[in-house]
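Peer 1: File name entry_31.txt; file contents compact mmCIF, C-alpha atoms; full text below.
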```
# COMPACT_ATOMS: atom_id res chain seq x y z
CA ALA A 1 68.98 31.60 -29.20
CA ARG A 2 66.63 32.99 -26.59
CA SER A 3 63.54 32.07 -28.63
CA GLN A 4 64.85 28.53 -29.06
CA PHE A 5 65.45 28.32 -25.32
CA ARG A 6 61.90 29.50 -24.59
CA GLN A 7 60.47 26.96 -27.03
CA ALA A 8 62.48 24.16 -25.47
CA LEU A 9 61.43 25.24 -21.98
CA SER A 10 57.76 25.48 -23.01
CA SER A 11 57.80 22.08 -24.71
CA GLY A 12 59.46 20.55 -21.66
CA ALA A 13 56.89 22.00 -19.27
CA HIS A 14 54.05 20.78 -21.53
CA SER A 15 55.45 17.27 -21.66
CA ALA A 16 55.89 17.33 -17.88
CA ARG A 17 52.26 18.35 -17.36
CA SER A 18 51.08 15.65 -19.75
CA GLN A 19 53.15 13.07 -17.96
CA PHE A 20 51.77 14.24 -14.59
CA ARG A 21 48.18 13.90 -15.80
CA GLN A 22 48.69 10.49 -17.36
CA GLY A 23 51.17 9.17 -14.84
CA PRO A 24 50.54 7.59 -11.46
CA VAL A 25 48.93 9.55 -8.63
CA THR A 26 51.65 10.88 -6.39
CA SER A 27 50.10 13.58 -4.17
CA ALA A 28 48.22 12.81 -0.95
CA GLY A 29 45.15 14.75 -2.12
CA GLN A 30 44.90 12.78 -5.36
CA ARG A 31 45.35 9.49 -3.53
CA ALA A 32 42.51 10.44 -1.17
CA VAL A 33 40.26 11.31 -4.11
CA GLU A 34 41.03 7.99 -5.78
CA GLN A 35 40.27 6.11 -2.54
CA VAL A 36 36.89 7.87 -2.23
CA ARG A 37 36.09 7.05 -5.85
CA LEU A 38 37.04 3.42 -5.29
CA LYS A 39 34.88 3.16 -2.17
CA ASN A 40 31.93 4.79 -3.94
CA SER A 41 32.33 2.39 -6.85
CA GLN A 42 32.42 -0.60 -4.52
CA LEU A 43 29.37 0.67 -2.63
CA ALA A 44 27.42 1.23 -5.85
CA THR A 45 28.33 -2.29 -7.00
CA ALA A 46 27.16 -3.76 -3.67
CA ILE A 47 23.88 -1.83 -3.88
CA ARG A 48 23.25 -2.98 -7.44
CA THR A 49 24.00 -6.56 -6.47
CA GLU A 50 21.64 -6.44 -3.49
CA ARG A 51 18.96 -4.76 -5.60
CA ASP A 52 19.25 -7.42 -8.30
CA GLU A 53 19.01 -10.14 -5.65
CA ARG A 54 15.84 -8.56 -4.32
CA PHE A 55 14.40 -8.39 -7.81
CA GLN A 56 15.12 -12.09 -8.28
CA LYS A 57 13.56 -12.92 -4.91
CA SER A 58 10.51 -10.89 -5.86
CA LYS A 59 10.18 -12.87 -9.07
CA ALA A 60 10.61 -16.16 -7.25
CA ALA A 61 8.04 -15.24 -4.58
CA LEU A 62 5.25 -15.01 -7.16
CA ASP A 63 3.96 -17.48 -9.64
CA SER A 64 4.35 -15.74 -12.98
CA LYS A 65 1.67 -17.99 -14.44
CA GLY A 66 -0.95 -16.83 -11.94
CA PRO A 67 -3.81 -14.57 -13.02
CA ALA A 68 -3.25 -10.85 -13.30
CA ALA A 69 -5.82 -8.40 -11.99
CA SER A 70 -8.35 -7.08 -14.46
CA ASP A 71 -8.82 -3.39 -15.12
CA ARG A 72 -11.92 -3.37 -12.93
CA GLU A 73 -10.05 -5.06 -10.09
CA LEU A 74 -7.19 -2.60 -10.43
CA SER A 75 -9.66 0.30 -10.17
CA SER A 76 -11.22 -1.24 -7.05
CA ALA A 77 -7.81 -1.75 -5.43
CA SER A 78 -6.69 1.76 -6.37
CA GLU A 79 -9.82 3.22 -4.79
CA LEU A 80 -9.09 1.26 -1.62
CA LEU A 81 -5.51 2.56 -1.39
CA ASN A 82 -6.56 6.14 -2.12
CA SER A 83 -9.39 6.01 0.41
CA LYS A 84 -6.94 4.80 3.06
CA MET A 85 -4.62 7.69 2.29
CA ILE A 86 -7.52 10.16 2.63
CA HIS A 87 -8.56 8.59 5.94
CA LEU A 88 -5.08 8.47 7.46
CA PHE A 89 -3.67 11.80 6.30
CA VAL A 90 -5.51 15.11 6.63
CA ASP A 91 -2.84 17.06 4.78
CA PRO A 92 -3.08 16.45 1.00
CA ALA A 93 0.73 16.30 0.81
CA GLY A 94 0.57 13.00 2.68
CA ARG A 95 -1.72 11.47 0.04
CA ASN A 96 0.56 11.98 -2.93
CA TRP A 97 1.19 8.61 -4.61
CA TYR A 98 4.65 9.66 -5.84
CA ARG A 99 5.69 10.48 -2.27
CA TRP A 100 4.83 6.91 -1.29
CA PHE A 101 6.64 5.51 -4.31
CA VAL A 102 9.80 7.38 -3.36
CA GLN A 103 9.44 6.10 0.19
CA MET A 104 9.15 2.53 -1.09
CA ASP A 105 12.13 3.00 -3.41
CA GLU A 106 14.82 2.40 -0.81
CA TYR A 107 17.78 2.71 -3.19
CA GLY A 108 16.45 5.56 -5.31
CA SER A 109 16.56 3.41 -8.44
CA GLY A 110 13.09 4.36 -9.67
CA LYS A 111 11.96 0.76 -9.17
CA VAL A 112 10.11 -1.04 -6.37
CA THR A 113 9.69 -4.73 -5.64
CA TYR A 114 6.71 -6.79 -4.53
CA GLU A 115 7.97 -6.88 -0.94
CA GLU A 116 8.12 -3.09 -0.87
CA LEU A 117 4.54 -2.88 -2.16
CA VAL A 118 3.43 -5.28 0.57
CA GLU A 119 5.21 -3.11 3.15
CA LEU A 120 3.28 -0.06 1.93
CA VAL A 121 -0.10 -1.79 1.89
CA ARG A 122 0.14 -3.70 5.18
CA ASN A 123 2.21 -1.43 7.43
CA GLU A 124 1.90 2.12 6.09
CA LEU A 125 -1.73 2.14 4.92
CA LYS A 126 -2.89 -0.41 7.53
CA ILE A 127 -4.82 -2.52 5.00
CA GLY A 128 -5.42 -5.98 6.45
CA LYS A 129 -5.88 -9.26 4.66
CA GLU A 130 -9.62 -9.14 5.24
CA GLU A 131 -9.79 -6.00 3.08
CA LEU A 132 -7.16 -7.02 0.53
CA SER A 133 -6.11 -10.66 0.45
CA ASP A 134 -2.60 -11.83 -0.37
CA SER A 135 -3.80 -13.50 -3.56
CA PHE A 136 -5.53 -10.33 -4.73
CA LEU A 137 -2.45 -8.27 -3.92
CA ALA A 138 -0.32 -10.74 -5.90
CA SER A 139 -2.65 -10.42 -8.90
CA ILE A 140 -2.31 -6.63 -8.71
CA TRP A 141 1.46 -7.01 -8.75
CA ARG A 142 1.31 -9.23 -11.84
CA SER A 143 -0.55 -6.43 -13.61
CA LEU A 144 2.11 -3.94 -12.52
CA ASP A 145 4.95 -6.30 -13.49
CA GLN A 146 3.61 -7.83 -16.67
CA ASP A 147 7.13 -8.43 -18.00
CA ASN A 148 8.00 -10.45 -14.87
CA VAL A 149 11.23 -8.56 -14.26
CA GLY A 150 10.74 -8.44 -10.49
CA TYR A 151 10.01 -4.71 -10.18
CA THR A 152 7.66 -1.97 -11.31
CA THR A 153 8.36 1.63 -12.21
CA ALA A 154 6.94 4.96 -11.11
CA GLY A 155 5.02 5.32 -14.38
CA LYS A 156 3.17 2.01 -13.96
CA PHE A 157 2.49 2.60 -10.28
CA GLY A 158 1.24 6.12 -11.02
CA ARG A 159 -1.21 4.88 -13.68
CA PHE A 160 -2.51 2.34 -11.17
CA MET A 161 -2.99 4.91 -8.39
CA ARG A 162 -4.67 7.43 -10.69
CA LYS A 163 -7.50 4.95 -11.29
CA GLY A 164 -8.79 5.89 -7.82
CA GLY A 165 -7.71 9.52 -7.94
CA HIS A 166 -11.30 10.74 -8.34
CA LEU A 167 -11.85 10.09 -4.62
CA HIS A 168 -9.58 13.03 -3.79
CA ARG A 169 -11.66 15.40 -5.90
CA SER A 170 -14.96 14.24 -4.34
CA GLN A 171 -13.78 14.88 -0.81
CA VAL A 172 -14.48 18.00 1.20
CA PRO A 173 -11.39 20.25 1.24
CA TRP A 174 -9.08 19.24 4.03
CA ARG A 175 -9.18 22.67 5.67
CA ASP A 176 -12.98 22.51 5.86
CA ARG A 177 -12.87 18.98 7.25
CA ASN A 178 -10.26 20.01 9.78
CA HIS A 179 -12.34 23.05 10.80
CA LYS A 180 -15.46 20.91 11.15
CA ALA A 181 -13.65 18.37 13.31
CA ASN A 182 -12.23 21.12 15.52
CA SER A 183 -15.67 22.76 15.83
CA THR A 184 -17.26 19.48 16.85
CA MET A 185 -14.58 18.89 19.46
CA ALA A 186 -14.93 22.45 20.79
CA THR A 187 -18.72 22.07 21.09
CA SER A 188 -18.33 18.81 22.99
CA LEU A 189 -15.76 20.33 25.36
CA LYS A 190 -18.02 23.35 25.97
CA LYS A 191 -20.93 21.09 26.94
CA GLU A 192 -18.74 19.15 29.36
CA THR A 193 -17.41 22.40 30.83
CA ASP A 194 -20.96 23.77 31.30
CA VAL A 195 -22.04 20.59 33.11
CA LEU A 196 -19.03 20.68 35.44
CA LEU A 197 -19.55 24.40 36.13
CA SER A 198 -23.24 23.87 36.92
CA GLU A 199 -22.43 21.05 39.34
CA PHE A 200 -19.76 23.19 41.01
CA LYS A 201 -22.21 26.10 41.46
CA GLN A 202 -24.82 23.79 43.01
CA LYS A 203 -22.24 22.44 45.41
CA LEU A 204 -21.26 25.96 46.49
CA GLU A 205 -24.91 26.92 46.99
CA PHE A 206 -25.58 23.84 49.14
CA GLU A 207 -22.48 24.52 51.25
CA GLN A 208 -23.41 28.19 51.68
CA GLU A 209 -26.95 27.30 52.65
CA ALA A 210 -25.71 24.79 55.24
CA LYS A 211 -23.30 27.38 56.68
CA THR A 212 -26.07 30.01 56.89
CA LYS A 213 -28.39 27.59 58.65
CA LYS A 214 -25.71 26.57 61.13
CA ALA A 215 -24.84 30.20 61.89
CA GLY A 216 -28.51 30.98 62.53
CA GLU A 217 -28.85 28.11 64.95
CA VAL A 218 -25.74 29.21 66.87
CA TYR A 219 -27.05 32.80 67.05
CA ASN A 220 -30.45 31.74 68.37
CA ILE A 221 -28.88 29.47 70.98
CA GLU A 222 -26.53 32.19 72.21
CA TRP A 223 -29.28 34.77 72.53
CA GLY A 224 -31.87 32.47 74.06
CA THR A 225 -34.38 32.40 71.28
CA LEU A 226 -33.96 28.65 70.96
CA PRO A 227 -33.50 26.07 73.71
CA SER A 228 -29.94 25.11 74.16
CA HIS A 229 -29.07 21.49 73.61
CA THR A 230 -26.12 21.72 76.01
CA SER A 231 -26.47 19.96 79.40
CA GLN A 232 -26.63 21.98 82.65
CA PRO A 233 -23.54 21.92 84.86
CA TRP A 234 -23.58 19.35 87.71
CA ARG A 235 -24.96 20.64 91.04
CA SER A 236 -24.63 18.91 94.36
CA PRO A 237 -27.93 17.87 96.06
CA ARG A 238 -26.79 19.66 99.25
CA ALA A 239 -26.41 22.95 97.49
CA TYR A 240 -28.90 25.65 98.38
CA LEU A 241 -30.73 27.52 95.77
CA LEU A 242 -30.40 31.23 96.37
```
Would you mind writing the file out in structure tokens?
Peer 2:
Amino acid sequence: ARSQFRQALSSGAHSARSQFRQGPVTSAGQRAVEQVRLKNSQLATAIRTERDERFQKSKAALDSKGPAASDRELSSASELLNSKMIHLFVDPAGRNWYRWFVQMDEYGSGKVTYEELVELVRNELKIGKEELSDSFLASIWRSLDQDNVGYTTAGKFGRFMRKGGHLHRSQVPWRDRNHKANSTMATSLKKETDVLLSEFKQKLEFEQEAKTKKAGEVYNIEWGTLPSHTSQPWRSPRAYLL
């Protein structure tokens, strides 16, 4: 009888647990979890929708039938972008192409649009239209987005940037360049300091010489070795000279 009671109790508890898992959420903690999940799902949907809209705008902004950049043009453009990175950032960590791709990828989707590439080229790397025209930049994008899906991936962007990667190897190590720049600045400051110090010493010598000369004149006047330039006191004509 006891074993049957235990079996009945065990089966009842198991069915209760199953019903609790499959049934509606009743506790406050579970309701909060479900609300967070719902909000995250809605946010992810909104982000995907906005991203897809940007992809479509990127496709519409370019004429898919326009010419794509040749391999030689891609190499030239890659060298330009890499040279700008070397010029703007002394630390090699700032010249990493993947770092810039992640910065362009606002939503972390692993994809960037044409507008994000333009933002990188024009605002971050400071490349003007006289160096890289809008039409040339558009042709580069067509090579990166040959399928005309409105975005490019990290793999395609990386292959493009590595075409100019040899510029990083041909450069003087950044520590040496930084040391050379600091040495040049220190030499220039030392020259300016020497000039200012020399002028200050000359000024002190002139002032000391003028003070010495003035003191000598006062001494000679007081002790009668030089005629005094002071006027004699007034004497009445009726006064007798004794």
Peer 1: Rounded to one decimal in Å, what is the spacing between CA of Trp141 in chain A and CA of Leu81 in chain A?
Peer 2: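 Distance between the two atoms: 13.9 Å.
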Peer 1: What's the separation between CA of Lys156 in chain A and CA of Ser143 in chain A, in Å to one decimal place?
Peer 2: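 These atoms are spaced 9.2 Å apart.
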Peer 1: Which distance in Å separates CA of Asp145 in chain A and CA of Lys126 in chain A, to one decimal?
Peer 2: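 One can read the CA of Asp145 in chain A to CA of Lys126 in chain A distance as 23.2 Å.
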Peer 1: Compare A:Val195, A:Ala210, A:Val90, A:Val112 by their minimum atom-to-atom distance to Ala181 in chain A, counting all atoms listed in the file, and give me the closest one.
Peer 2: A:Val90
Peer 1: Can you tell me, as a PyMOL selection string, what residues are no more than 10 Å from Arg162 in chain A when counting all atoms listed in the file, ignoring any on the same chain fewer than 2 positions away?
Peer 2: chain A and resi 75+78-79+82+97+157-160+164-167
Peer 1: Could you check the closest approach to Pro92 in chain A for each of A:Trp223, A:Arg169, A:Gly128, A:Arg142 and tell me which residue wins, using only C-alpha atoms?
Peer 2: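 Nearest candidate to Pro92 in chain A out of A:Trp223, A:Arg169, A:Gly128, A:Arg142: A:Arg169.
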Peer 1: Give the answer as one residue: which of A:Lys191, A:Ala46, A:Gly155, A:Val118 has the shortest atom-to-atom distance to Phe136 in chain A, using all atoms listed in the file?
Peer 2: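 Of A:Lys191, A:Ala46, A:Gly155, A:Val118, the one nearest Phe136 in chain A is A:Val118, counting all atoms listed in the file.
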Peer 1: For a quick check of understanding, using all atoms listed in the file, which of A:Tyr114, A:Val102, A:Leu80, A:Glu207 has the smallest distance to Asn148 in chain A?
Peer 2: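 The shortest atom-to-atom distance to Asn148 in chain A comes from A:Tyr114.
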Peer 1: Here is a test: counting all atoms listed in the file, which residue of A:Ala77, A:Val218, A:Met104, A:Met85 is nearest to Ser133 in chain A?
Peer 2: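 Among A:Ala77, A:Val218, A:Met104, A:Met85, it is A:Ala77 that comes nearest to Ser133 in chain A.
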Peer 1: Given the point (6.1, 0.0, 0.5) in the coordinates of this file, which residues lie within 12 Å, counting all atoms listed in the file, and how would they look as a ChimeraX atom specification?
Peer 2: /A:97-106,111-126,157
